[in-house]
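The structure file run.cif is reproduced below (mmCIF, C-alpha atoms).
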```
data_start
#
loop_
_atom_site.group_PDB
_atom_site.id
_atom_site.type_symbol
_atom_site.label_atom_id
_atom_site.label_comp_id
_atom_site.auth_asym_id
_atom_site.auth_seq_id
_atom_site.Cartn_x
_atom_site.Cartn_y
_atom_site.Cartn_z
ATOM 1 C CA MET I 1 2.762 -75.652 -32.048
ATOM 2 C CA ALA I 2 5.693 -77.923 -31.284
ATOM 3 C CA LYS I 3 8.649 -76.489 -29.418
ATOM 4 C CA PRO I 4 11.946 -76.523 -31.263
ATOM 5 C CA ALA I 5 14.423 -79.110 -30.105
ATOM 6 C CA SER I 6 17.228 -77.716 -27.970
ATOM 7 C CA ALA I 7 20.759 -78.482 -29.077
ATOM 8 C CA LYS I 8 22.739 -80.057 -26.229
ATOM 9 C CA SER I 9 26.275 -81.320 -26.378
ATOM 10 C CA GLY I 10 26.282 -84.827 -24.906
ATOM 11 C CA GLY I 11 29.593 -86.072 -26.251
ATOM 12 C CA LEU I 12 30.470 -89.062 -28.400
ATOM 13 C CA ALA I 13 30.492 -91.660 -25.594
ATOM 14 C CA LYS I 14 27.197 -90.481 -24.102
ATOM 15 C CA GLY I 15 25.471 -90.672 -27.462
ATOM 16 C CA LEU I 16 26.657 -94.179 -28.244
ATOM 17 C CA ILE I 17 26.043 -95.605 -24.795
ATOM 18 C CA GLY I 18 22.632 -93.954 -24.570
ATOM 19 C CA GLY I 19 21.660 -95.396 -27.951
ATOM 20 C CA LEU I 20 22.822 -98.883 -27.027
ATOM 21 C CA ILE I 21 21.073 -98.893 -23.664
ATOM 22 C CA ALA I 22 17.915 -97.476 -25.172
ATOM 23 C CA GLY I 23 17.977 -100.183 -27.846
ATOM 24 C CA GLY I 24 18.348 -102.899 -25.206
ATOM 25 C CA LEU I 25 15.542 -101.569 -23.090
ATOM 26 C CA ILE I 26 13.224 -101.322 -26.057
ATOM 27 C CA GLY I 27 14.061 -104.883 -26.962
ATOM 28 C CA ALA I 28 13.320 -106.001 -23.412
ATOM 29 C CA LEU I 29 9.965 -104.202 -23.398
ATOM 30 C CA LEU I 30 9.055 -105.945 -26.614
ATOM 31 C CA GLY I 31 9.672 -109.274 -24.906
ATOM 32 C CA ASN I 32 12.881 -110.170 -26.711
ATOM 33 C CA GLY I 33 15.108 -109.643 -23.699
ATOM 34 C CA PHE I 34 18.740 -108.966 -24.249
ATOM 35 C CA GLY I 35 19.110 -111.957 -26.473
ATOM 36 C CA SER I 36 21.175 -115.071 -26.000
ATOM 37 C CA LEU I 37 24.515 -115.310 -24.217
ATOM 38 C CA ALA I 38 26.289 -114.692 -27.519
ATOM 39 C CA GLY I 39 24.101 -111.655 -28.101
ATOM 40 C CA ALA I 40 24.882 -110.370 -24.620
ATOM 41 C CA GLY I 41 28.580 -110.820 -25.259
ATOM 42 C CA PHE I 42 28.277 -108.875 -28.487
ATOM 43 C CA LEU I 43 26.456 -106.092 -26.629
ATOM 44 C CA MET I 44 29.162 -105.950 -23.933
ATOM 45 C CA ALA I 45 31.825 -105.721 -26.639
ATOM 46 C CA LEU I 46 30.009 -102.779 -28.193
ATOM 47 C CA LEU I 47 29.715 -101.126 -24.774
ATOM 48 C CA GLN I 48 33.466 -101.547 -24.211
ATOM 49 C CA ILE I 49 34.245 -100.052 -27.626
ATOM 50 C CA ALA I 50 31.964 -97.110 -26.867
ATOM 51 C CA LEU I 51 33.569 -96.543 -23.459
ATOM 52 C CA ILE I 52 37.089 -96.703 -24.906
ATOM 53 C CA GLY I 53 36.119 -94.353 -27.738
ATOM 54 C CA GLY I 54 34.515 -91.931 -25.294
ATOM 55 C CA LEU I 55 37.611 -91.929 -23.072
ATOM 56 C CA ALA I 56 39.884 -91.279 -26.063
ATOM 57 C CA TRP I 57 37.671 -88.387 -27.187
ATOM 58 C CA PHE I 58 37.704 -86.888 -23.693
ATOM 59 C CA LEU I 59 41.506 -87.075 -23.441
ATOM 60 C CA LEU I 60 41.888 -85.562 -26.905
ATOM 61 C CA ARG I 61 39.696 -82.616 -25.885
ATOM 62 C CA MET I 62 41.796 -82.064 -22.754
ATOM 63 C CA PHE I 63 45.130 -82.115 -24.570
ATOM 64 C CA ARG I 64 43.888 -79.745 -27.275
ATOM 65 C CA ARG I 65 42.998 -77.032 -24.783
ATOM 66 C CA LYS I 66 45.541 -74.208 -24.556
ATOM 67 C CA PRO I 67 45.829 -71.730 -21.678
ATOM 68 C CA VAL I 68 45.166 -68.099 -22.474
ATOM 69 C CA LEU I 69 48.270 -66.056 -21.743
ATOM 70 C CA ALA I 70 48.012 -62.331 -21.017
ATOM 71 C CA ALA I 71 50.912 -60.250 -22.308
ATOM 72 C CA ALA I 72 52.194 -57.805 -19.687
ATOM 73 C CA HIS I 73 53.252 -54.405 -20.980
ATOM 74 C CA GLY I 74 55.079 -52.155 -18.552
ATOM 75 C CA GLY I 75 55.133 -48.399 -18.744
ATOM 76 C CA GLY I 76 54.072 -45.916 -21.335
ATOM 77 C CA VAL I 77 55.700 -45.167 -24.646
ATOM 78 C CA VAL I 78 56.408 -41.601 -25.548
ATOM 79 C CA SER I 79 58.801 -39.696 -27.751
ATOM 80 C CA PRO I 80 61.711 -37.523 -26.639
ATOM 81 C CA PHE I 81 61.667 -35.826 -30.030
ATOM 82 C CA SER I 82 58.769 -34.574 -32.111
ATOM 83 C CA GLY I 83 57.552 -37.464 -34.231
ATOM 84 C CA GLY I 84 60.250 -39.568 -32.614
ATOM 85 C CA LEU I 85 60.712 -42.853 -30.864
ATOM 86 C CA ALA I 86 59.195 -44.431 -27.831
ATOM 87 C CA PRO I 87 61.344 -45.715 -24.962
ATOM 88 C CA THR I 88 59.468 -47.653 -22.310
ATOM 89 C CA THR I 89 59.042 -45.769 -19.054
ATOM 90 C CA PRO I 90 59.864 -47.821 -15.922
ATOM 91 C CA ALA I 91 57.018 -48.555 -13.528
ATOM 92 C CA SER I 92 58.633 -46.396 -10.841
ATOM 93 C CA ALA I 93 58.692 -43.268 -13.008
ATOM 94 C CA PRO I 94 56.041 -40.774 -11.825
ATOM 95 C CA SER I 95 53.484 -39.085 -14.004
ATOM 96 C CA PHE I 96 53.928 -35.377 -14.557
ATOM 97 C CA GLY I 97 51.172 -32.888 -13.906
ATOM 98 C CA ALA I 98 50.018 -29.966 -11.823
ATOM 99 C CA ALA I 99 49.387 -32.216 -8.828
ATOM 100 C CA TYR I 100 52.377 -34.505 -8.537
ATOM 101 C CA ALA I 101 52.120 -37.330 -6.008
ATOM 102 C CA PRO I 102 55.292 -39.334 -5.216
ATOM 103 C CA VAL I 103 55.043 -43.097 -5.587
ATOM 104 C CA ALA I 104 55.314 -44.900 -2.259
ATOM 105 C CA ARG I 105 58.309 -47.249 -2.214
ATOM 106 C CA ALA I 106 60.406 -49.057 0.342
ATOM 107 C CA ASP I 107 63.637 -47.575 -1.038
ATOM 108 C CA ARG I 108 65.083 -44.259 0.068
ATOM 109 C CA ASP I 109 65.182 -40.794 -1.452
ATOM 110 C CA ILE I 110 68.500 -39.224 -2.396
ATOM 111 C CA PRO I 111 69.578 -35.586 -2.669
ATOM 112 C CA ILE I 112 70.368 -34.033 -6.047
ATOM 113 C CA GLU I 113 73.497 -31.926 -5.965
ATOM 114 C CA GLN I 114 74.443 -29.048 -8.253
ATOM 115 C CA SER I 115 76.896 -31.316 -10.058
ATOM 116 C CA ASP I 116 74.009 -33.689 -10.837
ATOM 117 C CA LYS I 117 71.940 -30.852 -12.284
ATOM 118 C CA VAL I 118 74.848 -29.843 -14.500
ATOM 119 C CA ALA I 119 75.129 -33.458 -15.679
ATOM 120 C CA PHE I 120 71.402 -33.601 -16.499
ATOM 121 C CA GLU I 121 71.560 -30.408 -18.562
ATOM 122 C CA ARG I 122 74.590 -31.685 -20.420
ATOM 123 C CA LEU I 123 72.877 -35.012 -21.123
ATOM 124 C CA LEU I 124 69.865 -33.182 -22.517
ATOM 125 C CA THR I 125 71.914 -31.282 -25.068
ATOM 126 C CA ASP I 126 74.313 -34.150 -25.822
ATOM 127 C CA VAL I 127 71.532 -36.690 -26.444
ATOM 128 C CA GLN I 128 69.618 -34.299 -28.680
ATOM 129 C CA ASP I 129 72.748 -33.409 -30.610
ATOM 130 C CA ALA I 130 73.842 -37.054 -31.035
ATOM 131 C CA PHE I 131 70.375 -38.025 -32.209
ATOM 132 C CA GLY I 132 70.304 -35.193 -34.748
ATOM 133 C CA ARG I 133 73.718 -36.285 -36.069
ATOM 134 C CA GLU I 134 72.697 -39.966 -36.045
ATOM 135 C CA ASP I 135 75.753 -40.701 -33.920
ATOM 136 C CA TYR I 136 75.067 -44.254 -32.736
ATOM 137 C CA ALA I 137 78.313 -44.588 -30.796
ATOM 138 C CA ARG I 138 77.700 -41.423 -28.801
ATOM 139 C CA LEU I 139 74.111 -42.383 -28.069
ATOM 140 C CA ARG I 140 75.270 -45.717 -26.632
ATOM 141 C CA GLU I 141 77.525 -43.818 -24.227
ATOM 142 C CA LEU I 142 74.718 -41.541 -23.054
ATOM 143 C CA THR I 143 71.769 -43.948 -22.763
ATOM 144 C CA THR I 144 70.804 -47.340 -21.415
ATOM 145 C CA PRO I 145 70.567 -50.271 -23.854
ATOM 146 C CA GLU I 146 66.745 -50.131 -23.775
ATOM 147 C CA VAL I 147 66.580 -46.478 -24.794
ATOM 148 C CA MET I 148 69.339 -46.990 -27.345
ATOM 149 C CA SER I 149 67.339 -49.741 -29.024
ATOM 150 C CA TYR I 150 64.463 -47.330 -29.623
ATOM 151 C CA PHE I 151 66.809 -44.627 -30.863
ATOM 152 C CA ALA I 152 68.368 -47.073 -33.322
ATOM 153 C CA GLU I 153 64.950 -48.215 -34.524
ATOM 154 C CA GLU I 154 63.767 -44.649 -35.099
ATOM 155 C CA LEU I 155 66.932 -43.639 -36.939
ATOM 156 C CA SER I 156 66.704 -46.756 -39.080
ATOM 157 C CA GLN I 157 63.093 -46.018 -40.003
ATOM 158 C CA ASN I 158 63.984 -42.454 -40.945
ATOM 159 C CA ALA I 159 66.785 -43.698 -43.181
ATOM 160 C CA THR I 160 64.507 -46.242 -44.835
ATOM 161 C CA ASN I 161 61.959 -43.510 -45.561
ATOM 162 C CA GLY I 162 64.628 -41.173 -46.945
ATOM 163 C CA ARG I 163 64.254 -38.726 -44.039
ATOM 164 C CA ARG I 164 66.547 -37.270 -41.406
ATOM 165 C CA ASN I 165 65.525 -35.735 -38.079
ATOM 166 C CA GLN I 166 67.806 -32.787 -37.366
ATOM 167 C CA VAL I 167 67.771 -31.461 -33.796
ATOM 168 C CA THR I 168 69.989 -28.460 -33.082
ATOM 169 C CA GLY I 169 70.331 -25.522 -30.710
ATOM 170 C CA THR I 170 68.921 -27.340 -27.671
ATOM 171 C CA GLU I 171 68.737 -25.000 -24.669
ATOM 172 C CA LEU I 172 67.400 -25.837 -21.217
ATOM 173 C CA ILE I 173 64.884 -23.253 -20.004
ATOM 174 C CA ALA I 174 63.847 -24.730 -16.653
ATOM 175 C CA ALA I 175 64.268 -27.970 -14.733
ATOM 176 C CA ASP I 176 62.672 -29.322 -11.557
ATOM 177 C CA VAL I 177 63.475 -32.490 -9.671
ATOM 178 C CA ALA I 178 60.272 -34.541 -9.682
ATOM 179 C CA GLU I 179 61.754 -37.454 -7.767
ATOM 180 C CA ALA I 180 65.122 -38.956 -6.895
ATOM 181 C CA TRP I 181 65.622 -42.297 -5.200
ATOM 182 C CA CYS I 182 67.976 -45.205 -4.683
ATOM 183 C CA GLU I 183 67.418 -48.924 -5.186
ATOM 184 C CA GLY I 184 70.356 -50.891 -3.865
ATOM 185 C CA ASP I 185 73.474 -49.470 -5.502
ATOM 186 C CA THR I 186 71.521 -47.804 -8.320
ATOM 187 C CA ASP I 187 70.374 -44.183 -8.255
ATOM 188 C CA TYR I 188 67.435 -42.795 -10.237
ATOM 189 C CA ALA I 189 66.335 -39.224 -10.857
ATOM 190 C CA THR I 190 63.297 -37.986 -12.766
ATOM 191 C CA ILE I 191 63.602 -34.375 -13.901
ATOM 192 C CA ALA I 192 60.882 -32.215 -15.424
ATOM 193 C CA MET I 193 62.758 -30.460 -18.213
ATOM 194 C CA ARG I 194 61.477 -27.561 -20.293
ATOM 195 C CA TYR I 195 63.741 -26.806 -23.215
ATOM 196 C CA ALA I 196 63.828 -25.182 -26.626
ATOM 197 C CA SER I 197 65.287 -26.643 -29.802
ATOM 198 C CA ILE I 198 65.097 -26.467 -33.569
ATOM 199 C CA ASP I 199 63.601 -29.806 -34.500
ATOM 200 C CA ILE I 200 62.997 -30.434 -38.195
ATOM 201 C CA MET I 201 62.627 -33.349 -40.583
ATOM 202 C CA VAL I 202 64.466 -33.056 -43.893
ATOM 203 C CA ASP I 203 64.797 -35.064 -47.072
ATOM 204 C CA ARG I 204 68.032 -37.061 -46.886
ATOM 205 C CA ALA I 205 68.875 -36.568 -50.548
ATOM 206 C CA THR I 206 67.993 -32.913 -51.101
ATOM 207 C CA GLY I 207 67.974 -31.432 -47.590
ATOM 208 C CA THR I 208 64.514 -29.981 -48.204
ATOM 209 C CA VAL I 209 62.603 -29.333 -44.993
ATOM 210 C CA ILE I 210 59.606 -31.673 -44.744
ATOM 211 C CA GLU I 211 58.420 -30.835 -41.239
ATOM 212 C CA GLY I 212 59.246 -28.171 -38.665
ATOM 213 C CA ASP I 213 60.540 -24.602 -38.732
ATOM 214 C CA PRO I 214 64.294 -24.248 -39.273
ATOM 215 C CA ALA I 215 64.210 -20.573 -38.274
ATOM 216 C CA ASN I 216 62.341 -20.775 -34.958
ATOM 217 C CA ALA I 217 62.895 -22.985 -31.938
ATOM 218 C CA THR I 218 59.991 -24.807 -30.325
ATOM 219 C CA GLU I 219 59.534 -25.416 -26.610
ATOM 220 C CA THR I 220 59.005 -28.876 -25.149
ATOM 221 C CA THR I 221 58.392 -30.111 -21.596
ATOM 222 C CA GLU I 222 59.211 -33.724 -20.749
ATOM 223 C CA LEU I 223 60.161 -35.961 -17.860
ATOM 224 C CA TRP I 224 63.639 -37.376 -18.326
ATOM 225 C CA THR I 225 64.641 -40.221 -16.025
ATOM 226 C CA PHE I 226 68.357 -40.767 -15.464
ATOM 227 C CA VAL I 227 70.135 -43.703 -13.866
ATOM 228 C CA ARG I 228 73.599 -44.386 -12.508
ATOM 229 C CA LYS I 229 75.076 -47.419 -10.830
ATOM 230 C CA SER I 230 77.752 -47.382 -8.133
ATOM 231 C CA ARG I 231 78.206 -43.624 -8.548
ATOM 232 C CA ASP I 232 79.077 -43.937 -12.234
ATOM 233 C CA ALA I 233 78.074 -41.266 -14.735
ATOM 234 C CA TRP I 234 74.375 -40.580 -15.212
ATOM 235 C CA ARG I 235 72.708 -42.062 -18.310
ATOM 236 C CA LEU I 236 69.307 -41.506 -19.863
ATOM 237 C CA SER I 237 66.957 -44.399 -19.048
ATOM 238 C CA ALA I 238 63.489 -43.093 -20.031
ATOM 239 C CA VAL I 239 61.589 -40.102 -21.401
ATOM 240 C CA GLN I 240 57.943 -39.330 -20.701
ATOM 241 C CA ALA I 241 55.897 -36.589 -22.303
ATOM 242 C CA ALA I 242 54.425 -34.002 -19.955
#
```
Using structure tokens, write down the structure that the file contains.
Amino acid sequence: MAKPASAKSGGLAKGLIGGLIAGGLIGALLGNGFGSLAGAGFLMALLQIALIGGLAWFLLRMFRRKPVLAAAHGGGVVSPFSGGLAPTTPASAPSFGAAYAPVARADRDIPIEQSDKVAFERLLTDVQDAFGREDYARLRELTTPEVMSYFAEELSQNATNGRRNQVTGTELIAADVAEAWCEGDTDYATIAMRYASIDIMVDRATGTVIEGDPANATETTELWTFVRKSRDAWRLSAVQAA
């Protein structure tokens, strides 16, 4: 039984040149030689055309190749509110769990004073309240532009779908400093915050509750990362689910 022919990619130039050379050799074996001087000139012209065509094909293949680019995605995306949006967590933000291990960095740790803790608790309630009221201006004051962009996107989607996420009665139950550090003139603090709130989704037109319990608060534990520059007021820069 004959073996099937293997398919090999030889290229346009290789095929033409191989065919021309093979034809010449066969002619020589048959005693015809390569023909007269005019015939030889014609053969050389064909060889030149084949070489030029092969070079053009090779260059075309090279220019048509495109590098494969890998998209880099930093951080995780999680929601500060049930069914809510997803701000990107910075790479330096630690993960939250029973065994917390600080991330090794060349920057220095900073102490968290009582006044800072008061500011974090106030930001928790103010951000939740502003989000529930869809107060864009207030949210811009309390958050970084990156987090604000996600808030705006979530609120816009709710409005488009005829829904409204009402968050009220936010109360901090416990808070622990997971990590606090400084990079240049910018301070960061990641706080594990356990809080209770009434978080419901209602119909914008009728006020009918679609999701959640308006009579009972639910508890949530999250990592909130705050940032301040040059000792300015703290602002929310990321939220990560626990």
Could you tell me which residues the PyMOL selection byres ((chain I and resi 177-187) around 6) returns for this structure, as a tab-separated table (two decimals) with C-alpha atoms, in the coordinates of the input?
```
chain	number	residue	atom	x	y	z
I	107	ASP	CA	63.64	-47.58	-1.04
I	108	ARG	CA	65.08	-44.26	0.07
I	109	ASP	CA	65.18	-40.79	-1.45
I	110	ILE	CA	68.50	-39.22	-2.40
I	176	ASP	CA	62.67	-29.32	-11.56
I	188	TYR	CA	67.44	-42.80	-10.24
I	189	ALA	CA	66.33	-39.22	-10.86
I	190	THR	CA	63.30	-37.99	-12.77
I	191	ILE	CA	63.60	-34.38	-13.90
I	227	VAL	CA	70.14	-43.70	-13.87
I	228	ARG	CA	73.60	-44.39	-12.51
I	229	LYS	CA	75.08	-47.42	-10.83
I	230	SER	CA	77.75	-47.38	-8.13
```
Please write as number ranges by chain the full residue list that the PyMOL selection byres ((chain I and resi 168) around 8) yields on this file. I: 128-129, 132, 166-167, 169-170, 197-199
Give me, please, the distance in Å between atom CA of Met193 of chain I and atom CA of Ala137 of chain I, quoted to one decimal.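 Value for the atom CA of Met193 of chain I-atom CA of Ala137 of chain I distance: 24.5 Å.
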Would you mind reading off the distance between atom CA of Glu121 of chain I and atom CA of Gly212 of chain I, one decimal, in Å?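 So the two atoms, atom CA of Glu121 of chain I and atom CA of Gly212 of chain I, lie 23.7 Å apart.
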Just how far from atom CA of Asp203 of chain I is atom CA of Asn158 of chain I, in Å to one decimal? 9.6 Å
Distance criterion (only C-alpha atoms): nearest to Val239 of chain I out of I:Glu146, I:Glu113, I:Glu219, I:Glu153: I:Glu146
Once 6 Å is added on each side, what centre and edge lengths in Å to one decimal does the axis-aligned box around all listed atoms of segment 119-129 of chain I have, as JSON?
```
{"center_x": 72.4, "center_y": -33.5, "center_z": -23.1, "size_x": 17.5, "size_y": 18.3, "size_z": 26.9}
```
For Ala196 of chain I, work out the shell of residues within 7 Å, counting only C-alpha atoms and skipping chain neighbours fewer than 6 positions away, then give it as number ranges by chain. I: 170-173, 217-220
